[in-house]
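Source file: input_23.tsv (TSV, C-alpha atoms)
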chain	number	residue	atom	x	y	z
A	88	MET	CA	-4.25	41.16	11.68
A	89	TYR	CA	-5.80	38.01	10.22
A	90	THR	CA	-8.46	38.03	7.52
A	91	HIS	CA	-10.03	34.74	8.63
A	92	ILE	CA	-10.22	32.79	11.89
A	93	ALA	CA	-8.65	29.72	10.24
A	94	GLU	CA	-5.41	31.64	9.69
A	95	ALA	CA	-5.29	32.61	13.36
A	96	VAL	CA	-6.28	29.25	14.83
A	97	LYS	CA	-3.75	27.30	12.79
A	98	ARG	CA	-0.71	29.09	14.26
A	99	PRO	CA	1.27	26.83	16.62
A	100	ASP	CA	3.00	27.85	19.82
A	101	LEU	CA	6.56	26.68	20.44
A	102	ILE	CA	6.97	26.18	24.18
A	103	SER	CA	10.39	25.44	25.66
A	104	LEU	CA	10.03	22.93	28.49
A	105	GLN	CA	13.78	22.45	28.83
A	106	PRO	CA	16.67	23.83	26.78
A	107	ASP	CA	16.50	20.76	24.52
A	108	VAL	CA	12.77	19.87	24.75
A	109	VAL	CA	10.17	21.89	22.87
A	110	CYS	CA	6.41	21.38	22.64
A	111	LEU	CA	4.89	22.34	19.29
A	112	ARG	CA	1.37	23.12	20.50
A	113	PHE	CA	-1.64	23.55	18.22
A	114	GLU	CA	-5.23	24.36	18.97
A	115	THR	CA	-6.07	22.08	16.05
A	116	MET	CA	-3.22	21.03	13.76
A	117	LYS	CA	-5.17	19.71	10.78
A	118	ILE	CA	-6.23	23.20	9.73
A	119	TYR	CA	-2.76	23.46	8.17
A	120	SER	CA	-3.43	20.32	6.16
A	121	ALA	CA	-6.93	21.34	5.08
A	122	LEU	CA	-6.05	24.93	4.18
A	123	GLY	CA	-3.01	23.87	2.18
A	124	ALA	CA	-4.94	21.17	0.34
A	125	VAL	CA	-7.93	23.35	-0.56
A	126	ARG	CA	-5.68	26.20	-1.67
A	127	HIS	CA	-3.71	23.82	-3.90
A	128	LEU	CA	-6.90	22.42	-5.46
A	129	LEU	CA	-8.15	25.92	-6.26
A	130	GLU	CA	-4.82	27.12	-7.65
A	131	SER	CA	-4.51	24.03	-9.85
A	132	GLY	CA	-8.08	24.42	-11.16
A	133	THR	CA	-9.09	21.00	-9.83
A	134	VAL	CA	-12.03	22.63	-8.01
A	135	GLN	CA	-13.79	25.98	-8.31
A	136	PRO	CA	-15.22	28.28	-5.61
A	137	GLY	CA	-18.66	27.02	-4.67
A	138	ASP	CA	-17.85	23.34	-5.35
A	139	THR	CA	-18.57	20.72	-2.70
A	140	LEU	CA	-15.70	18.96	-0.92
A	141	VAL	CA	-16.44	15.69	0.84
A	142	ASP	CA	-14.47	13.51	3.22
A	143	SER	CA	-14.63	11.18	6.19
A	144	SER	CA	-13.57	12.24	9.67
A	145	SER	CA	-13.62	11.17	13.29
A	146	GLY	CA	-13.81	14.85	14.27
A	147	ILE	CA	-10.67	16.99	14.06
A	148	TYR	CA	-10.35	16.97	10.26
A	149	ALA	CA	-14.07	17.74	9.94
A	150	GLN	CA	-13.59	21.03	11.79
A	151	ALA	CA	-10.44	21.82	9.81
A	152	LEU	CA	-12.07	21.17	6.43
A	153	ALA	CA	-15.17	23.12	7.46
A	154	LEU	CA	-13.05	26.17	8.28
A	155	ALA	CA	-11.01	25.80	5.08
A	156	CYS	CA	-14.21	25.63	3.02
A	157	HIS	CA	-15.56	28.69	4.85
A	158	ARG	CA	-12.29	30.51	4.17
A	159	TYR	CA	-12.29	29.76	0.43
A	160	GLY	CA	-16.03	29.82	-0.33
A	161	MET	CA	-16.55	26.07	-0.77
A	162	LYS	CA	-19.35	23.75	0.33
A	163	CYS	CA	-18.51	20.90	2.70
A	164	HIS	CA	-20.00	17.43	3.26
A	165	ILE	CA	-18.64	15.28	6.11
A	166	VAL	CA	-19.26	11.61	6.81
A	167	GLY	CA	-18.44	11.44	10.49
A	168	SER	CA	-17.97	8.73	13.04
A	169	THR	CA	-19.97	8.59	16.25
A	170	THR	CA	-17.05	10.38	17.98
A	171	VAL	CA	-18.22	13.69	16.46
A	172	ASP	CA	-19.63	15.24	19.63
A	173	ARG	CA	-22.40	17.74	20.25
A	174	THR	CA	-20.06	20.74	20.43
A	175	LEU	CA	-18.52	20.00	17.06
A	176	ARG	CA	-21.86	19.11	15.47
A	177	ALA	CA	-23.24	22.51	16.42
A	178	GLN	CA	-20.22	24.30	14.93
A	179	LEU	CA	-20.44	22.31	11.69
A	180	GLU	CA	-24.14	22.97	11.30
A	181	ILE	CA	-23.71	26.74	11.79
A	182	LEU	CA	-20.83	26.76	9.30
A	183	GLY	CA	-23.16	25.22	6.73
A	184	VAL	CA	-21.58	21.77	6.66
A	185	THR	CA	-23.71	18.79	5.68
A	186	LEU	CA	-22.90	16.21	8.35
A	187	GLU	CA	-24.00	12.61	8.43
A	188	GLN	CA	-22.78	10.12	11.00
A	189	VAL	CA	-22.47	6.39	10.41
A	190	ARG	CA	-24.16	4.00	12.77
A	191	PRO	CA	-22.30	3.06	15.95
A	192	SER	CA	-19.88	0.15	15.57
A	193	GLN	CA	-17.92	-1.96	18.00
A	194	ASN	CA	-14.52	-1.54	16.39
A	195	LEU	CA	-12.45	1.04	14.55
A	196	ARG	CA	-12.12	-0.97	11.34
A	197	LEU	CA	-15.87	-1.27	10.87
A	198	ASP	CA	-16.35	2.43	11.64
A	199	GLN	CA	-13.79	3.44	9.01
A	200	GLU	CA	-15.12	0.96	6.45
A	201	LEU	CA	-18.66	2.25	6.92
A	202	ARG	CA	-17.53	5.82	6.38
A	203	VAL	CA	-15.52	4.99	3.24
A	204	ARG	CA	-18.44	2.96	1.87
A	205	ARG	CA	-20.77	5.91	2.42
A	206	ILE	CA	-18.33	8.25	0.66
A	207	ALA	CA	-18.46	5.99	-2.41
A	208	GLU	CA	-22.26	6.16	-2.40
A	209	ILE	CA	-22.22	9.96	-2.13
A	210	LEU	CA	-19.78	10.31	-5.03
A	211	LYS	CA	-21.91	8.03	-7.17
A	212	GLU	CA	-24.97	10.16	-6.40
A	213	ASN	CA	-23.04	13.45	-6.79
A	214	PRO	CA	-20.23	13.04	-9.34
A	215	SER	CA	-19.37	16.76	-9.17
A	216	TYR	CA	-18.27	16.46	-5.52
A	217	HIS	CA	-14.53	16.31	-4.86
A	218	TRP	CA	-13.29	13.69	-2.42
A	219	MET	CA	-10.48	15.16	-0.32
A	220	ARG	CA	-8.97	11.74	0.54
A	221	GLN	CA	-7.11	13.03	3.59
A	222	TYR	CA	-5.61	9.58	4.19
A	223	HIS	CA	-4.30	9.04	0.67
A	224	ASP	CA	-3.74	12.29	-1.27
A	225	GLY	CA	-0.29	13.86	-0.93
A	226	ILE	CA	-1.73	17.38	-1.30
A	227	HIS	CA	-2.25	17.24	2.48
A	228	TYR	CA	1.53	17.55	2.88
A	229	HIS	CA	1.63	21.06	1.36
A	230	GLY	CA	0.22	23.04	4.27
A	231	TYR	CA	2.91	21.89	6.71
A	232	ARG	CA	5.75	23.72	4.95
A	233	ASP	CA	4.91	26.78	7.09
A	234	VAL	CA	5.23	24.67	10.25
A	235	ALA	CA	8.65	23.43	9.18
A	236	ASP	CA	9.72	27.01	8.46
A	237	THR	CA	8.57	28.07	11.94
A	238	ILE	CA	10.64	25.31	13.56
A	239	ALA	CA	13.67	26.15	11.42
A	240	ARG	CA	13.38	29.80	12.40
A	241	GLU	CA	12.71	29.44	16.13
A	242	VAL	CA	14.56	26.28	17.21
A	243	PRO	CA	18.33	26.83	17.40
A	244	ASP	CA	20.53	25.19	14.77
A	245	GLY	CA	21.62	21.63	15.34
A	246	PRO	CA	20.24	18.09	15.10
A	247	LEU	CA	16.53	17.68	15.83
A	248	ALA	CA	14.22	14.85	16.73
A	249	LEU	CA	10.57	15.35	15.74
A	250	VAL	CA	8.13	13.23	17.78
A	251	GLY	CA	4.43	12.90	17.04
A	252	GLY	CA	1.44	10.72	16.30
A	253	VAL	CA	1.57	9.22	12.81
A	254	GLY	CA	-2.13	9.32	11.96
A	255	SER	CA	-2.60	9.92	8.24
A	256	GLY	CA	1.15	10.49	7.90
A	257	ALA	CA	0.87	14.02	6.53
A	258	SER	CA	1.90	16.06	9.58
A	259	THR	CA	5.01	14.32	10.90
A	260	GLY	CA	6.00	13.14	7.41
A	261	ALA	CA	5.70	16.57	5.83
A	262	ILE	CA	7.36	18.56	8.60
A	263	ALA	CA	10.34	16.19	8.72
A	264	THR	CA	10.63	16.16	4.91
A	265	TYR	CA	10.63	19.95	4.57
A	266	LEU	CA	13.21	20.32	7.35
A	267	ARG	CA	15.43	17.64	5.83
A	268	ASP	CA	15.14	19.21	2.38
A	269	ALA	CA	16.38	22.45	3.94
A	270	GLY	CA	19.47	20.64	5.23
A	271	ARG	CA	18.47	20.01	8.86
A	272	ASP	CA	19.49	16.73	10.52
A	273	VAL	CA	16.11	15.36	11.67
A	274	ALA	CA	15.32	12.03	13.31
A	275	LEU	CA	11.61	11.25	12.97
A	276	VAL	CA	9.92	9.37	15.82
A	277	GLY	CA	6.39	8.15	15.13
A	278	VAL	CA	3.82	7.31	17.81
A	279	GLN	CA	1.17	4.65	17.27
A	280	PRO	CA	-1.66	3.08	19.27
A	281	PHE	CA	-1.83	-0.69	19.53
A	282	GLY	CA	-4.30	-2.25	17.11
A	283	SER	CA	-3.19	-0.07	14.18
A	284	VAL	CA	-2.22	-1.65	10.85
A	285	THR	CA	0.02	1.29	9.90
A	286	PHE	CA	3.16	-0.11	11.52
A	287	GLY	CA	1.96	-3.65	12.09
A	288	SER	CA	0.40	-3.69	15.57
A	289	GLU	CA	-3.06	-4.86	14.54
A	290	GLN	CA	-2.53	-8.21	16.28
A	291	VAL	CA	-2.17	-6.49	19.68
A	292	PRO	CA	-5.44	-4.71	20.50
A	293	ASP	CA	-5.79	-2.16	23.26
A	294	PRO	CA	-9.33	-2.51	24.67
A	295	ASP	CA	-9.23	1.02	26.11
A	296	MET	CA	-7.88	2.74	22.99
A	297	ILE	CA	-9.53	6.09	22.33
A	298	ILE	CA	-6.58	7.65	20.51
A	299	ALA	CA	-7.53	6.14	17.17
A	300	GLY	CA	-6.62	9.34	15.32
A	301	ILE	CA	-2.91	8.50	15.46
A	302	GLY	CA	-3.40	4.99	14.05
A	303	SER	CA	-5.66	3.18	11.62
A	304	ALA	CA	-7.52	-0.04	11.01
A	305	ILE	CA	-7.07	0.43	7.24
A	306	GLU	CA	-3.98	1.30	5.21
A	307	PHE	CA	-3.21	4.99	4.67
A	308	ARG	CA	-1.20	5.71	1.53
A	309	ASN	CA	-0.09	9.09	2.90
A	310	VAL	CA	2.08	7.29	5.46
A	311	ARG	CA	5.57	7.11	3.96
A	312	HIS	CA	7.12	4.46	6.13
A	313	GLU	CA	10.68	5.13	5.00
A	314	LEU	CA	10.63	8.58	6.61
A	315	TYR	CA	10.52	7.22	10.17
A	316	ASP	CA	13.59	6.35	12.25
A	317	ARG	CA	11.87	5.14	15.43
A	318	ILE	CA	8.36	3.93	16.32
A	319	HIS	CA	6.66	3.87	19.72
A	320	TRP	CA	3.43	1.95	20.33
A	321	VAL	CA	1.67	3.36	23.42
A	322	ASN	CA	-1.53	2.18	25.08
A	323	PHE	CA	-4.27	4.26	26.67
A	324	ASP	CA	-2.97	4.00	30.24
A	325	CYS	CA	0.53	5.18	29.33
A	326	ALA	CA	-0.82	7.98	27.13
A	327	LEU	CA	-3.03	9.12	30.00
A	328	SER	CA	-0.06	9.13	32.38
A	329	GLY	CA	1.97	11.18	29.90
A	330	ALA	CA	-0.84	13.70	29.34
A	331	VAL	CA	-1.47	14.15	33.07
A	332	GLU	CA	2.24	14.62	33.82
A	333	LEU	CA	2.58	17.12	30.97
A	334	LEU	CA	-0.33	19.16	32.35
A	335	ARG	CA	0.97	18.92	35.91
A	336	SER	CA	4.55	19.88	35.06
A	337	SER	CA	4.02	22.46	32.30
A	338	GLY	CA	0.35	23.52	32.33
A	339	ILE	CA	-0.10	22.26	28.76
A	340	PHE	CA	-3.59	20.76	28.37
A	341	ALA	CA	-3.48	18.53	25.31
A	342	GLY	CA	-4.90	15.34	23.85
A	343	LEU	CA	-3.88	11.76	24.52
A	344	SER	CA	-1.66	11.57	21.45
A	345	THR	CA	0.37	14.37	23.03
A	346	GLY	CA	0.69	12.39	26.24
A	347	ALA	CA	2.04	9.47	24.22
A	348	ALA	CA	4.44	11.73	22.30
A	349	TYR	CA	5.66	13.28	25.56
A	350	LEU	CA	6.46	9.83	26.96
A	351	ALA	CA	8.30	8.88	23.76
A	352	THR	CA	10.24	12.15	23.88
A	353	ARG	CA	11.39	11.54	27.45
A	354	TRP	CA	12.59	8.05	26.54
A	355	GLU	CA	14.34	9.08	23.31
A	356	ARG	CA	16.08	11.99	25.05
A	357	ALA	CA	17.40	9.58	27.70
A	358	ARG	CA	18.83	7.44	24.87
A	359	ASP	CA	20.33	10.29	22.85
A	360	ALA	CA	20.89	13.73	24.39
A	361	SER	CA	22.65	15.10	21.30
A	362	ARG	CA	19.43	16.44	19.71
A	363	THR	CA	16.79	19.02	20.47
A	364	TYR	CA	13.44	17.25	20.82
A	365	VAL	CA	10.30	18.80	19.35
A	366	PHE	CA	7.13	16.90	20.18
A	367	ILE	CA	3.74	17.65	18.66
A	368	ALA	CA	0.63	18.55	20.64
A	369	ALA	CA	-1.89	18.26	17.82
A	370	ASP	CA	-4.98	19.44	19.71
A	371	THR	CA	-6.23	20.47	23.13
A	372	GLY	CA	-7.43	18.11	25.85
A	373	HIS	CA	-11.06	19.19	25.86
A	374	ARG	CA	-12.31	16.13	23.95
A	375	TYR	CA	-10.74	13.86	26.54
A	376	VAL	CA	-12.02	15.37	29.79
A	377	GLU	CA	-14.64	12.70	30.56
A	378	SER	CA	-12.92	9.73	28.94
A	379	ALA	CA	-9.40	10.40	30.24
A	380	TYR	CA	-8.63	13.44	32.38
A	381	ALA	CA	-11.44	12.66	34.82
A	382	ARG	CA	-9.40	9.52	35.61
A	383	HIS	CA	-6.22	11.45	36.41
A	384	ALA	CA	-5.96	9.78	39.83
A	385	GLU	CA	-5.25	6.51	37.97
A	386	ALA	CA	-2.23	7.95	36.15
A	387	GLU	CA	1.06	6.24	36.98
A	388	PRO	CA	4.26	8.23	37.68
A	389	VAL	CA	5.96	8.55	34.30
A	390	ASP	CA	9.38	7.79	35.78
A	391	ALA	CA	8.07	4.31	36.57
A	392	LEU	CA	7.14	3.66	32.93
A	393	LYS	CA	9.50	2.30	30.30
A	394	PRO	CA	8.95	0.62	26.93
A	395	HIS	CA	9.79	-2.88	25.75
A	396	GLU	CA	12.61	-2.52	23.22
A	397	ILE	CA	11.75	-5.00	20.46
A	398	ALA	CA	13.61	-6.49	17.50
A	399	SER	CA	10.57	-7.95	15.73
A	400	LEU	CA	6.91	-7.05	15.45
A	401	ASP	CA	6.21	-10.50	16.90
A	402	GLU	CA	7.57	-9.16	20.20
A	403	LEU	CA	5.08	-6.29	20.45
A	404	ARG	CA	3.26	-6.18	23.76
A	405	LEU	CA	1.30	-3.83	25.95
A	406	PRO	CA	1.55	-1.31	27.47
A	407	TRP	CA	4.42	0.32	25.55
A	408	SER	CA	6.85	-1.00	22.94
A	409	THR	CA	9.46	0.69	20.77
A	410	THR	CA	11.98	-0.11	18.05
A	411	SER	CA	14.29	1.41	15.48
A	412	TRP	CA	12.44	1.41	12.17
A	413	SER	CA	15.06	0.01	9.81
A	414	GLY	CA	15.83	1.94	6.65
A	415	GLY	CA	15.35	5.39	8.13
A	416	HIS	CA	14.61	8.24	5.74
A	417	ARG	CA	17.31	7.39	3.24
A	418	SER	CA	15.80	4.22	1.81
A	419	ALA	CA	12.80	2.01	2.27
A	420	GLY	CA	14.75	-0.91	3.69
A	421	PRO	CA	13.36	-3.79	5.72
A	422	ARG	CA	10.81	-3.58	8.51
A	423	PRO	CA	11.78	-4.87	11.95
A	424	ASP	CA	10.02	-8.13	11.15
A	425	GLY	CA	12.24	-8.67	8.11
A	426	LYS	CA	9.58	-7.83	5.53
A	427	SER	CA	10.10	-5.05	2.99
A	428	VAL	CA	8.67	-1.67	3.64
A	429	THR	CA	6.30	-0.65	0.89
A	430	ARG	CA	6.90	2.91	-0.20
A	431	ALA	CA	3.57	4.64	0.26
A	432	GLY	CA	3.74	7.62	-2.00
A	433	GLY	CA	1.21	10.44	-1.87

In structure tokens, what does this structure look like?
Amino acid sequence: MYTHIAEAVKRPDLISLQPDVVCLRFETMKIYSALGAVRHLLESGTVQPGDTLVDSSSGIYAQALALACHRYGMKCHIVGSTTVDRTLRAQLEILGVTLEQVRPSQNLRLDQELRVRRIAEILKENPSYHWMRQYHDGIHYHGYRDVADTIAREVPDGPLALVGGVGSGASTGAIATYLRDAGRDVALVGVQPFGSVTFGSEQVPDPDMIIAGIGSAIEFRNVRHELYDRIHWVNFDCALSGAVELLRSSGIFAGLSTGAAYLATRWERARDASRTYVFIAADTGHRYVESAYARHAEAEPVDALKPHEIASLDELRLPWSTTSWSGGHRSAGPRPDGKSVTRAGG
């Protein structure tokens, strides 16, 4: 029996789609990150019960932090983007969260910059508030140790490939790190939208991109580039096709980042069948019903889709590109464009 809803909601389901393909399905994955971070801050004495935690969010982290604050008796202030919908706003208000949304903007970079600018103003006005810095503070890695332990316990021994949206870097980076530290052979495959600066696709915009949560228009220091072995850049249309096929073939109703990860998993498995593939479904598909699933008739057959294998970031192009990310998890090494990878410590 659980003592708080956050502990129940965070638990993932491991669903075997084939003997060597597993879906790691969450209702909302970032609760692990938020719970682990808040618990660490309390245990270290950085914050005290009753303090106010503040951060920026496009939606999913806002709910996760709200539940973590409710669980540990903290106050919560969220600076949200316009993507925070009515359903989530109502939940946040009832949970006692102070929510303010920035004005609508025409691009992701401006939206993120407005939110970060507002955070700075809030901290100046309220110096006792603690900024969670989900994109930059390595404490967001801590909560995912339990996820790695679940995979280690339930997925049979042998080499693994972990596939998932990069986002802030904490989820895929932490899970792979904890598994590797325990001695597991893990290849880490990161999924990105076009237009994201994280792995250098900002020069190739995707006009239909609504999966911004797995990429960024600003640098995230929690992304440790040297951890990743392969990168896939997937546009909206391909992600939609992957999500629709996953629902049709398995009944799993998940977000667009999951559709992109499912496509990447299929491709990587065709390249290397020596591993068990675990792909992350970070949230459900409910947020994407009107913007994506309602267009399911437009989805292309996934067997007809294949990525452009590139050797340089200059070769990136829509709708789907992929490459080996040089250096792997053993050293920083060069990027595919020949530039050095900057180690982005947490």

*Would you list the contacts of A:Arg126 as number ranges by chain, taking every protein, DNA or RNA residue within 10 Å and counting only C-alpha atoms, but skipping same-chain residues closer than 2 positions in sequence?*
A: 121-124, 128-132, 134, 155-156, 158-159, 226, 229-230

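Nearest residue to A:Val203 among A:Ser143, A:His227, A:Ser215, A:Leu182 is A:Ser143, counting only C-alpha atoms.
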
Determine, counting only C-alpha atoms, which protein, DNA and RNA residues have an atom within 10 Å of an atom of A:Tyr222; residues of the same chain fewer than 4 positions away are not included. Present the result as a PDB file with C-alpha atoms, keeping the file's coordinate frame.
ATOM      1  CA  ASP A 142     -14.470  13.510   3.220  1.00  0.00           C
ATOM      2  CA  SER A 143     -14.630  11.180   6.190  1.00  0.00           C
ATOM      3  CA  HIS A 227      -2.250  17.240   2.480  1.00  0.00           C
ATOM      4  CA  GLY A 254      -2.130   9.320  11.960  1.00  0.00           C
ATOM      5  CA  SER A 255      -2.600   9.920   8.240  1.00  0.00           C
ATOM      6  CA  GLY A 256       1.150  10.490   7.900  1.00  0.00           C
ATOM      7  CA  ALA A 257       0.870  14.020   6.530  1.00  0.00           C
ATOM      8  CA  SER A 303      -5.660   3.180  11.620  1.00  0.00           C
ATOM      9  CA  ILE A 305      -7.070   0.430   7.240  1.00  0.00           C
ATOM     10  CA  GLU A 306      -3.980   1.300   5.210  1.00  0.00           C
ATOM     11  CA  PHE A 307      -3.210   4.990   4.670  1.00  0.00           C
ATOM     12  CA  ARG A 308      -1.200   5.710   1.530  1.00  0.00           C
ATOM     13  CA  ASN A 309      -0.090   9.090   2.900  1.00  0.00           C
ATOM     14  CA  VAL A 310       2.080   7.290   5.460  1.00  0.00           C
ATOM     15  CA  GLY A 433       1.210  10.440  -1.870  1.00  0.00           C
TER      16      GLY A 433
END

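Shortest separation to A:His91 among A:His373, A:His157, A:Arg358, A:Arg271 occurs at residue A:His157, atoms counted being all atoms listed in the file.
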
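The closest residue to A:Phe340, picked from A:Val234, A:Cys110, A:Ala357, A:Cys325 and counting all atoms listed in the file, is A:Cys110.
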
*Please measure the separation of atom CA of A:Thr259 and atom CA of A:Pro243, giving the value in Å to one decimal.*
19.4 Å

_Neighbour list for A:Lys393 as an MDAnalysis selection string, cut-off 8 Å, all atoms listed in the file, skip fewer than 3 positions in-chain_ = chainID A and resid 354 390 407

*Just how far from atom CA of A:Ala330 is atom CA of A:Leu247, in Å to one decimal?*
22.4 Å

All residues 12 Å or closer to A:Leu197, all atoms listed in the file, same chain fewer than 4 positions away omitted, as a PDB file with C-alpha atoms, in the coordinates of the input:
ATOM      1  CA  SER A 168     -17.970   8.730  13.040  1.00  0.00           C
ATOM      2  CA  THR A 169     -19.970   8.590  16.250  1.00  0.00           C
ATOM      3  CA  VAL A 189     -22.470   6.390  10.410  1.00  0.00           C
ATOM      4  CA  ARG A 190     -24.160   4.000  12.770  1.00  0.00           C
ATOM      5  CA  PRO A 191     -22.300   3.060  15.950  1.00  0.00           C
ATOM      6  CA  SER A 192     -19.880   0.150  15.570  1.00  0.00           C
ATOM      7  CA  GLN A 193     -17.920  -1.960  18.000  1.00  0.00           C
ATOM      8  CA  LEU A 201     -18.660   2.250   6.920  1.00  0.00           C
ATOM      9  CA  ARG A 202     -17.530   5.820   6.380  1.00  0.00           C
ATOM     10  CA  VAL A 203     -15.520   4.990   3.240  1.00  0.00           C
ATOM     11  CA  ARG A 204     -18.440   2.960   1.870  1.00  0.00           C
ATOM     12  CA  SER A 303      -5.660   3.180  11.620  1.00  0.00           C
ATOM     13  CA  ALA A 304      -7.520  -0.040  11.010  1.00  0.00           C
ATOM     14  CA  ILE A 305      -7.070   0.430   7.240  1.00  0.00           C
TER      15      ILE A 305
END

_Which residues are close to A:Ile339, i.e. within 9 Å by only C-alpha atoms, leaving aside same-chain residues fewer than 6 positions away? Reply as a VMD selection string._
chain A and resid 110 112 330 333 368 371 to 372
